[in-house]
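Below is coords.txt, holding compact mmCIF, C-alpha atoms and all ligand atoms.
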```txt
# COMPACT_ATOMS: atom_id res chain seq x y z
CA MET Z 30 -26.43 -3.00 19.06
CA GLY Z 31 -28.68 -2.15 16.19
CA MET Z 32 -29.99 1.04 14.70
CA CYS Z 33 -28.20 4.30 15.55
CA PHE Z 34 -29.84 7.70 15.93
CA GLY Z 35 -28.42 8.88 12.59
CA VAL Z 36 -30.12 6.14 10.60
CA ARG Z 37 -33.34 6.37 12.64
CA ASP Z 38 -33.59 10.12 12.01
CA ALA Z 39 -32.89 9.68 8.28
CA ILE Z 40 -35.66 7.08 7.96
CA GLU Z 41 -38.11 9.30 9.83
CA LEU Z 42 -37.23 12.25 7.61
CA ALA Z 43 -37.79 10.15 4.46
CA GLN Z 44 -41.17 9.00 5.79
CA GLU Z 45 -42.18 12.60 6.64
CA ARG Z 46 -41.13 13.94 3.25
CA ALA Z 47 -42.92 11.10 1.40
CA ALA Z 48 -46.11 11.89 3.35
CA ALA Z 49 -45.82 15.54 2.24
CA GLY Z 50 -45.22 14.83 -1.47
CA PRO Z 51 -43.13 12.91 -4.01
CA VAL Z 52 -39.52 12.43 -2.95
CA THR Z 53 -36.57 10.46 -4.27
CA VAL Z 54 -33.72 9.19 -2.13
CA LEU Z 55 -30.40 9.29 -3.94
CA GLY Z 56 -28.64 6.00 -3.15
CA ASP Z 57 -29.59 3.55 -0.42
CA LEU Z 58 -30.83 5.45 2.60
CA VAL Z 59 -29.54 2.56 4.70
CA HIS Z 60 -27.90 -0.70 3.72
CA ASN Z 61 -30.84 -2.79 4.82
CA GLU Z 62 -33.36 -4.34 2.43
CA THR Z 63 -36.14 -4.64 5.05
CA VAL Z 64 -36.04 -0.90 5.73
CA LEU Z 65 -35.81 -0.03 2.03
CA SER Z 66 -38.86 -2.13 1.10
CA ASP Z 67 -40.86 -0.46 3.87
CA LEU Z 68 -39.89 2.97 2.51
CA ARG Z 69 -40.81 1.94 -1.04
CA SER Z 70 -44.23 0.81 0.23
CA ARG Z 71 -44.73 4.35 1.62
CA GLY Z 72 -44.05 5.88 -1.80
CA VAL Z 73 -40.38 6.79 -1.34
CA LEU Z 74 -38.54 6.44 -4.65
CA ILE Z 75 -34.95 5.24 -4.56
CA ARG Z 76 -32.55 5.95 -7.42
CA GLN Z 77 -28.82 5.34 -7.68
CA ASP Z 78 -28.18 7.91 -10.39
CA ALA Z 79 -29.01 11.63 -10.16
CA ALA Z 80 -29.98 11.64 -13.86
CA ASP Z 81 -32.87 9.24 -13.06
CA ILE Z 82 -34.54 11.33 -10.34
CA PRO Z 83 -38.19 11.81 -11.40
CA THR Z 84 -39.31 14.08 -8.50
CA ARG Z 85 -38.55 17.70 -7.66
CA GLU Z 86 -37.30 16.87 -4.18
CA VAL Z 87 -34.25 14.70 -3.56
CA LEU Z 88 -33.10 13.40 -0.19
CA VAL Z 89 -29.38 12.97 0.51
CA THR Z 90 -28.79 9.95 2.77
CA ALA Z 91 -27.32 9.76 6.30
CA HIS Z 92 -23.97 8.98 4.63
CA GLY Z 93 -23.84 12.59 3.41
CA ALA Z 94 -22.59 14.10 0.17
CA SER Z 95 -19.94 16.59 -0.88
CA ASP Z 96 -20.77 20.30 -1.34
CA ARG Z 97 -19.89 19.82 -4.99
CA ARG Z 98 -22.40 16.99 -5.34
CA MET Z 99 -25.18 18.93 -3.62
CA GLU Z 100 -24.53 21.98 -5.75
CA SER Z 101 -24.79 19.89 -8.91
CA LEU Z 102 -28.17 18.52 -7.72
CA ARG Z 103 -29.40 22.10 -7.16
CA GLN Z 104 -28.14 23.08 -10.61
CA MET Z 105 -30.41 20.35 -11.98
CA GLY Z 106 -33.36 22.25 -10.49
CA LEU Z 107 -33.84 19.84 -7.59
CA THR Z 108 -34.74 20.77 -4.02
CA VAL Z 109 -32.17 19.07 -1.82
CA THR Z 110 -33.16 17.79 1.63
CA GLU Z 111 -30.30 16.54 3.76
CA ALA Z 112 -30.64 13.49 5.99
CA THR Z 113 -26.87 13.61 6.59
CA CYS Z 114 -26.01 12.32 10.06
CA PRO Z 115 -24.54 15.12 12.22
CA LEU Z 116 -21.56 12.87 12.98
CA VAL Z 117 -20.81 12.49 9.25
CA HIS Z 118 -21.16 16.26 8.97
CA ARG Z 119 -18.64 16.59 11.82
CA ALA Z 120 -16.16 14.43 9.86
CA HIS Z 121 -16.63 16.71 6.79
CA GLN Z 122 -15.93 19.78 8.93
CA ALA Z 123 -12.85 18.19 10.52
CA LEU Z 124 -11.34 17.38 7.12
CA LYS Z 125 -12.10 20.85 5.77
CA LYS Z 126 -10.37 22.48 8.75
CA LEU Z 127 -7.28 20.31 8.28
CA VAL Z 128 -7.10 21.25 4.59
CA VAL Z 129 -7.53 24.95 5.38
CA ALA Z 130 -4.69 24.60 7.93
CA GLY Z 131 -2.42 23.29 5.15
CA PHE Z 132 -2.54 19.54 5.73
CA HIS Z 133 -2.75 17.06 2.85
CA PRO Z 134 -6.12 15.24 3.22
CA LEU Z 135 -5.93 11.54 3.99
CA VAL Z 136 -9.04 9.46 4.72
CA ILE Z 137 -8.94 6.05 6.37
CA GLY Z 138 -11.90 4.26 4.85
CA GLN Z 139 -13.25 2.09 2.11
CA ALA Z 140 -12.54 3.68 -1.29
CA GLY Z 141 -15.73 4.09 -3.31
CA HIS Z 142 -18.07 3.85 -0.30
CA VAL Z 143 -20.74 6.55 -0.50
CA GLU Z 144 -19.67 8.19 2.78
CA VAL Z 145 -16.02 8.26 1.69
CA ARG Z 146 -16.96 9.75 -1.69
CA GLY Z 147 -18.88 12.47 0.16
CA LEU Z 148 -15.87 13.18 2.38
CA THR Z 149 -13.30 13.29 -0.39
CA GLU Z 150 -15.01 14.84 -3.44
CA ASP Z 151 -14.46 18.42 -2.27
CA HIS Z 152 -10.72 17.81 -1.86
CA PRO Z 153 -9.01 16.98 -5.16
CA GLY Z 154 -5.97 14.75 -4.60
CA CYS Z 155 -7.31 13.43 -1.29
CA ASP Z 156 -5.88 9.98 -0.55
CA VAL Z 157 -7.97 7.06 0.76
CA VAL Z 158 -6.29 4.12 2.51
CA LEU Z 159 -7.34 1.06 4.46
CA SER Z 160 -4.10 -0.91 4.77
CA GLU Z 161 -0.39 -0.58 5.45
CA SER Z 162 0.42 -1.44 1.82
CA GLU Z 163 -1.77 1.44 0.61
CA ILE Z 164 0.08 3.77 2.99
CA ASP Z 165 3.41 2.48 1.63
CA ALA Z 166 2.26 3.52 -1.86
CA LEU Z 167 1.47 7.13 -0.87
CA THR Z 168 3.52 10.06 -2.10
CA GLU Z 169 5.37 11.67 0.82
CA ARG Z 170 3.81 14.98 1.97
CA PRO Z 171 5.13 17.44 4.53
CA ARG Z 172 1.83 17.45 6.46
CA TYR Z 173 -0.95 14.85 6.61
CA GLY Z 174 -4.39 15.66 7.99
CA ILE Z 175 -6.20 12.40 8.74
CA VAL Z 176 -9.85 11.60 9.40
CA SER Z 177 -11.66 8.30 8.99
CA GLN Z 178 -14.95 6.96 7.75
CA THR Z 179 -17.28 7.11 10.77
CA THR Z 180 -17.86 3.34 10.85
CA GLN Z 181 -14.26 2.07 10.88
CA PRO Z 182 -13.08 0.25 14.05
CA VAL Z 183 -11.22 2.89 16.04
CA THR Z 184 -8.46 0.45 17.11
CA ARG Z 185 -7.62 -0.23 13.45
CA VAL Z 186 -7.75 3.49 12.63
CA ARG Z 187 -5.25 4.14 15.45
CA GLU Z 188 -2.93 1.45 14.07
CA LEU Z 189 -3.02 3.00 10.61
CA VAL Z 190 -2.43 6.53 11.91
CA ALA Z 191 0.58 5.19 13.83
CA TYR Z 192 1.80 3.52 10.64
CA VAL Z 193 1.59 6.80 8.69
CA THR Z 194 3.71 8.46 11.40
CA GLN Z 195 6.25 5.64 11.26
CA ARG Z 196 6.31 5.47 7.44
CA PHE Z 197 6.79 9.24 7.03
CA PRO Z 198 8.90 10.30 10.06
CA GLN Z 199 9.71 13.69 8.51
CA SER Z 200 6.02 14.58 8.04
CA GLU Z 201 3.74 16.30 10.49
CA VAL Z 202 0.71 14.09 11.08
CA ARG Z 203 -2.51 15.36 12.61
CA TRP Z 204 -5.42 12.97 13.23
CA VAL Z 205 -8.96 13.91 14.17
CA ASP Z 206 -10.90 10.91 15.50
CA THR Z 207 -14.12 10.89 13.48
CA VAL Z 208 -15.25 7.33 14.27
CA CYS Z 209 -18.77 7.88 15.60
CA GLN Z 210 -19.72 7.01 19.18
CA PRO Z 211 -22.48 4.53 18.19
CA THR Z 212 -19.90 2.61 16.13
CA LYS Z 213 -17.43 2.61 19.04
CA ASP Z 214 -20.13 1.43 21.46
CA ARG Z 215 -21.23 -1.40 19.15
CA GLN Z 216 -17.65 -2.48 18.49
CA THR Z 217 -16.83 -2.62 22.21
CA ALA Z 218 -20.05 -4.49 22.99
CA ALA Z 219 -19.46 -6.97 20.13
CA GLU Z 220 -15.91 -7.64 21.35
CA ASP Z 221 -17.15 -8.30 24.87
CA LEU Z 222 -20.04 -10.47 23.65
CA ALA Z 223 -17.90 -12.57 21.28
CA GLY Z 224 -15.50 -13.33 24.14
CA ARG Z 225 -18.35 -14.84 26.17
CA CYS Z 226 -20.28 -16.79 23.52
CA ASP Z 227 -19.93 -20.07 21.62
CA VAL Z 228 -21.79 -18.66 18.62
CA VAL Z 229 -22.32 -15.05 17.52
CA LEU Z 230 -25.03 -13.96 15.11
CA VAL Z 231 -24.34 -10.62 13.42
CA VAL Z 232 -27.47 -9.11 11.91
CA GLY Z 233 -27.26 -6.58 9.10
CA GLY Z 234 -27.36 -5.92 5.36
CA ILE Z 235 -24.67 -7.48 3.19
CA HIS Z 236 -23.59 -4.04 1.90
CA SER Z 237 -23.39 -2.53 5.39
CA ASN Z 238 -19.82 -1.51 6.18
CA ASN Z 239 -20.35 -1.31 9.94
CA THR Z 240 -21.96 -4.78 9.96
CA ARG Z 241 -18.91 -6.17 8.16
CA ARG Z 242 -16.70 -4.60 10.85
CA LEU Z 243 -18.81 -6.23 13.59
CA VAL Z 244 -18.32 -9.59 11.84
CA ASP Z 245 -14.53 -9.03 11.75
CA THR Z 246 -14.45 -7.97 15.41
CA SER Z 247 -16.54 -10.96 16.51
CA ARG Z 248 -14.40 -13.39 14.48
CA ALA Z 249 -11.28 -12.19 16.28
CA ARG Z 250 -12.76 -13.56 19.51
CA CYS Z 251 -15.13 -16.35 18.47
CA SER Z 252 -14.71 -19.06 15.83
CA ARG Z 253 -18.43 -19.54 15.08
CA VAL Z 254 -19.75 -16.26 13.73
CA HIS Z 255 -22.64 -16.04 11.24
CA TRP Z 256 -23.77 -12.97 9.29
CA LEU Z 257 -27.50 -12.91 8.57
CA GLN Z 258 -29.93 -10.35 7.23
CA ASN Z 259 -33.16 -11.57 8.80
CA ALA Z 260 -34.80 -14.45 10.70
CA SER Z 261 -35.33 -16.53 7.56
CA ASP Z 262 -31.51 -16.81 7.17
CA LEU Z 263 -31.24 -18.52 10.57
CA ASP Z 264 -29.94 -22.09 10.24
CA PRO Z 265 -30.48 -24.35 13.31
CA SER Z 266 -27.44 -26.43 12.31
CA TRP Z 267 -25.27 -23.48 13.42
CA ILE Z 268 -26.24 -24.01 17.06
CA GLN Z 269 -25.90 -26.92 19.51
CA ALA Z 270 -28.26 -27.28 22.49
CA SER Z 271 -25.60 -26.34 25.07
CA ASP Z 272 -24.32 -23.26 23.20
CA THR Z 273 -24.41 -19.73 24.51
CA VAL Z 274 -25.55 -17.60 21.56
CA GLY Z 275 -24.86 -13.88 21.25
CA ILE Z 276 -26.63 -11.46 18.92
CA THR Z 277 -25.25 -8.17 17.67
CA ALA Z 278 -26.46 -5.95 14.83
CA GLY Z 279 -25.28 -3.18 12.54
CA THR Z 280 -26.47 0.41 12.80
CA SER Z 281 -28.98 0.04 9.94
CA THR Z 282 -30.73 -3.04 11.36
CA PRO Z 283 -34.28 -2.38 12.59
CA ASP Z 284 -35.26 -3.61 16.08
CA SER Z 285 -38.07 -5.68 14.53
CA VAL Z 286 -35.53 -7.82 12.62
CA ILE Z 287 -33.40 -8.38 15.75
CA ASP Z 288 -36.51 -9.22 17.82
CA ALA Z 289 -37.67 -11.76 15.20
CA ILE Z 290 -34.29 -13.51 15.31
CA GLU Z 291 -34.27 -13.56 19.10
CA ALA Z 292 -37.83 -14.95 19.15
CA ALA Z 293 -36.89 -17.67 16.62
CA LEU Z 294 -33.93 -18.66 18.81
CA HIS Z 295 -36.09 -18.85 21.96
CA GLU Z 296 -38.68 -20.91 20.07
CA TRP Z 297 -35.96 -23.25 18.79
CA ALA Z 298 -34.43 -23.60 22.29
CA HIS Z 299 -37.87 -24.28 23.76
CA GLN Z 300 -38.56 -27.04 21.21
CA LYS Z 301 -35.14 -28.54 21.89
CA THR Z 302 -35.81 -28.59 25.66
CA CYS Z 303 -39.24 -30.21 25.13
CA THR Z 304 -37.75 -32.88 22.87
CA GLN Z 305 -35.03 -33.65 25.43
CA THR Z 306 -37.62 -33.83 28.27
CA GLU Z 307 -39.82 -36.21 26.26
CA ALA Z 308 -36.81 -38.39 25.43
CA ALA Z 309 -35.89 -38.58 29.16
S1 LIG Z 401 -23.22 4.95 12.00
FE1 LIG Z 401 -22.58 6.79 13.13
S2 LIG Z 401 -22.19 8.30 11.55
FE2 LIG Z 401 -23.38 6.67 10.56
S3 LIG Z 401 -25.48 7.34 10.73
FE3 LIG Z 401 -25.07 6.10 12.54
S4 LIG Z 401 -24.43 7.55 14.13
FE4 LIG Z 401 -24.30 8.58 12.16
```
As structure tokens, how would this structure be written, given the file I've shared?
Amino acid sequence: MGMCFGVRDAIELAQERAAAGPVTVLGDLVHNETVLSDLRSRGVLIRQDAADIPTREVLVTAHGASDRRMESLRQMGLTVTEATCPLVHRAHQALKKLVVAGFHPLVIGQAGHVEVRGLTEDHPGCDVVLSESEIDALTERPRYGIVSQTTQPVTRVRELVAYVTQRFPQSEVRWVDTVCQPTKDRQTAAEDLAGRCDVVLVVGGIHSNNTRRLVDTSRARCSRVHWLQNASDLDPSWIQASDTVGITAGTSTPDSVIDAIEAALHEWAHQKTCTQTEAA
């Protein structure tokens, strides 16, 4: 659970660049407010719009950006530093190869998400889907080349790829699995955990796509799942004394946040035990 190497490396790069001089991150480096406030305190500027970048250097986040987008930043006179995760880069390369081979680009992911925008912007006409009904609405193409956003659950991606094949039996469908290994590992672990616990706490930012997926996965196996961003969100009424509580966390959640939640739970359990002992 918790922070992946891609996010960790991106944060370290932002810290290094800020120590060397003024730098602006374009968009949220990670979808986690605790991490973002720490970066701001180190002098990292964060802007959502390229037109508002006040520094000469701009850092592209781990989610990546299209070639077109990076070229437009350079045209603005900016020095572009890439914190793009290598596994996002791999997804970009996979889609490019499919397009070059003559396949119509189709991305399984959340339309409008920064990673999906980065994947699709270099491929005009690229379709983005996340449900069977969106696949139903597609125009039939002779060849579909499919990749997915790196943080989608791979089981769901497989289902949707199978649906494309079934919906367009005359089309040639080629899928490259671009779900990243850290996402797969966290999904599998969350599934296993949720099957063994009475309560599951999922820790991560509210805009974090992979945290949302962990919530969905946990809810499929456990009826008492709570999504929280930090220890102050913890509500003791969620948990009974005899419960087994599981914790999982999205890839942008720092270890310190997870540790604080675990410590608060231990403290709460300890107090509960003491109260019960005194009552006896
Ligand atoms: S979630 Fe996967 S693709 Fe995204 S930064 Fe982490 S390792 Fe890279």
Within 9 Å of Cys155 (chain Z) using all atoms listed in the file, minus same-chain residues under 3 positions, as a VMD selection string: chain Z and resid 133 to 136 149 to 152
Would you save the residues of that selection, restricted to C-alpha atoms, as a short mmCIF file (atom, residue, chain, number, x, y, z; two decimals), keeping the file's coordinate frame?
```
data_model
loop_
_atom_site.label_atom_id
_atom_site.label_comp_id
_atom_site.auth_asym_id
_atom_site.auth_seq_id
_atom_site.Cartn_x
_atom_site.Cartn_y
_atom_site.Cartn_z
CA HIS Z 133 -2.75 17.06 2.85
CA PRO Z 134 -6.12 15.24 3.22
CA LEU Z 135 -5.93 11.54 3.99
CA VAL Z 136 -9.04 9.46 4.72
CA THR Z 149 -13.30 13.29 -0.39
CA GLU Z 150 -15.01 14.84 -3.44
CA ASP Z 151 -14.46 18.42 -2.27
CA HIS Z 152 -10.72 17.81 -1.86
#
```
Between CA of Val109 (chain Z) and CA of Thr84 (chain Z) - distance in Å to one decimal: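 Result for CA of Thr84 (chain Z) versus CA of Val109 (chain Z): 11.0 Å, one decimal.
Within 12 Å of the point (-23.7, -5.4, 2.1), and counting all atoms listed in the file, the protein, DNA and RNA residues are Z:Asp57, Z:Val59, Z:His60, Z:Asn61, Z:Glu62, Z:His142, Z:Val232, Z:Gly233, Z:Gly234, Z:Ile235, Z:His236, Z:Ser237, Z:Asn238, Z:Asn239, Z:Thr240, Z:Arg241, Z:Arg242, Z:Val244, Z:Trp256, Z:Leu257, Z:Gln258, Z:Gly279, Z:Ser281, Z:Thr282.
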Which protein, DNA or RNA residues have an atom within 12 Å of ligand LIG 401 (chain Z), counting all atoms listed in the file, as a JSON list (two decimals) with C-alpha atoms, keeping the file's coordinate frame?
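Just written: part-v3.json:
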```
[["chain", "number", "residue", "atom", "x", "y", "z"],
["Z", 30, "MET", "CA", -26.43, -3.00, 19.06],
["Z", 31, "GLY", "CA", -28.68, -2.15, 16.19],
["Z", 32, "MET", "CA", -29.99, 1.04, 14.70],
["Z", 33, "CYS", "CA", -28.20, 4.30, 15.55],
["Z", 34, "PHE", "CA", -29.84, 7.70, 15.93],
["Z", 35, "GLY", "CA", -28.42, 8.88, 12.59],
["Z", 36, "VAL", "CA", -30.12, 6.14, 10.60],
["Z", 37, "ARG", "CA", -33.34, 6.37, 12.64],
["Z", 38, "ASP", "CA", -33.59, 10.12, 12.01],
["Z", 39, "ALA", "CA", -32.89, 9.68, 8.28],
["Z", 40, "ILE", "CA", -35.66, 7.08, 7.96],
["Z", 58, "LEU", "CA", -30.83, 5.45, 2.60],
["Z", 59, "VAL", "CA", -29.54, 2.56, 4.70],
["Z", 60, "HIS", "CA", -27.90, -0.70, 3.72],
["Z", 90, "THR", "CA", -28.79, 9.95, 2.77],
["Z", 91, "ALA", "CA", -27.32, 9.76, 6.30],
["Z", 92, "HIS", "CA", -23.97, 8.98, 4.63],
["Z", 93, "GLY", "CA", -23.84, 12.59, 3.41],
["Z", 112, "ALA", "CA", -30.64, 13.49, 5.99],
["Z", 113, "THR", "CA", -26.87, 13.61, 6.59],
["Z", 114, "CYS", "CA", -26.01, 12.32, 10.06],
["Z", 115, "PRO", "CA", -24.54, 15.12, 12.22],
["Z", 116, "LEU", "CA", -21.56, 12.87, 12.98],
["Z", 117, "VAL", "CA", -20.81, 12.49, 9.25],
["Z", 118, "HIS", "CA", -21.16, 16.26, 8.97],
["Z", 119, "ARG", "CA", -18.64, 16.59, 11.82],
["Z", 120, "ALA", "CA", -16.16, 14.43, 9.86],
["Z", 121, "HIS", "CA", -16.63, 16.71, 6.79],
["Z", 143, "VAL", "CA", -20.74, 6.55, -0.50],
["Z", 144, "GLU", "CA", -19.67, 8.19, 2.78],
["Z", 145, "VAL", "CA", -16.02, 8.26, 1.69],
["Z", 177, "SER", "CA", -11.66, 8.30, 8.99],
["Z", 178, "GLN", "CA", -14.95, 6.96, 7.75],
["Z", 179, "THR", "CA", -17.28, 7.11, 10.77],
["Z", 180, "THR", "CA", -17.86, 3.34, 10.85],
["Z", 181, "GLN", "CA", -14.26, 2.07, 10.88],
["Z", 182, "PRO", "CA", -13.08, 0.25, 14.05],
["Z", 207, "THR", "CA", -14.12, 10.89, 13.48],
["Z", 208, "VAL", "CA", -15.25, 7.33, 14.27],
["Z", 209, "CYS", "CA", -18.77, 7.88, 15.60],
["Z", 210, "GLN", "CA", -19.72, 7.01, 19.18],
["Z", 211, "PRO", "CA", -22.48, 4.53, 18.19],
["Z", 212, "THR", "CA", -19.90, 2.61, 16.13],
["Z", 213, "LYS", "CA", -17.43, 2.61, 19.04],
["Z", 214, "ASP", "CA", -20.13, 1.43, 21.46],
["Z", 215, "ARG", "CA", -21.23, -1.40, 19.15],
["Z", 216, "GLN", "CA", -17.65, -2.48, 18.49],
["Z", 237, "SER", "CA", -23.39, -2.53, 5.39],
["Z", 238, "ASN", "CA", -19.82, -1.51, 6.18],
["Z", 239, "ASN", "CA", -20.35, -1.31, 9.94],
["Z", 240, "THR", "CA", -21.96, -4.78, 9.96],
["Z", 242, "ARG", "CA", -16.70, -4.60, 10.85],
["Z", 278, "ALA", "CA", -26.46, -5.95, 14.83],
["Z", 279, "GLY", "CA", -25.28, -3.18, 12.54],
["Z", 280, "THR", "CA", -26.47, 0.41, 12.80],
["Z", 281, "SER", "CA", -28.98, 0.04, 9.94],
["Z", 282, "THR", "CA", -30.73, -3.04, 11.36]]
```
Spatial neighbours of Leu127 (chain Z), max dist 9 Å, only C-alpha atoms, sep filter under 6 positions, as a PyMOL selection string: chain Z and resi 133-134+173-175+203+205
Minimum-distance residue to Lys301 (chain Z), chosen among Z:Thr194, Z:Thr246, Z:Ser271, Z:Ser285 (using all atoms listed in the file):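 For Lys301 (chain Z), the nearest of the given residues is Z:Ser271.
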Residue contacts of region 74-83 of chain Z (9 Å, all atoms listed in the file) excluding same-chain residues fewer than 4 positions away, as a PyMOL selection string: chain Z and resi 47+51-58+65+68-69+87+102+105+107
Interatomic distance (Å, one decimal) between CA of Ile276 (chain Z) and CA of Thr63 (chain Z): 18.1 Å
Within 7 Å of Val254 (chain Z) using all atoms listed in the file, minus same-chain residues under 5 positions, as a ChimeraX atom specification: /Z:228-230,247-248
Computed interatomic separation between CA of His255 (chain Z) and CA of Ile137 (chain Z) (Å):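 One can read the CA of His255 (chain Z) to CA of Ile137 (chain Z) distance as 26.4 Å.
Closest approach to Asp67 (chain Z) among Z:Leu159, Z:Gly147, Z:Gly154, Z:Pro283 is made by Z:Pro283 (distances from all atoms listed in the file).
With all atoms listed in the file as the atoms that count, the residue of Z:Leu148, Z:Leu222, Z:Val274, Z:Leu124 with the shortest distance to Arg250 (chain Z) is Z:Leu222.
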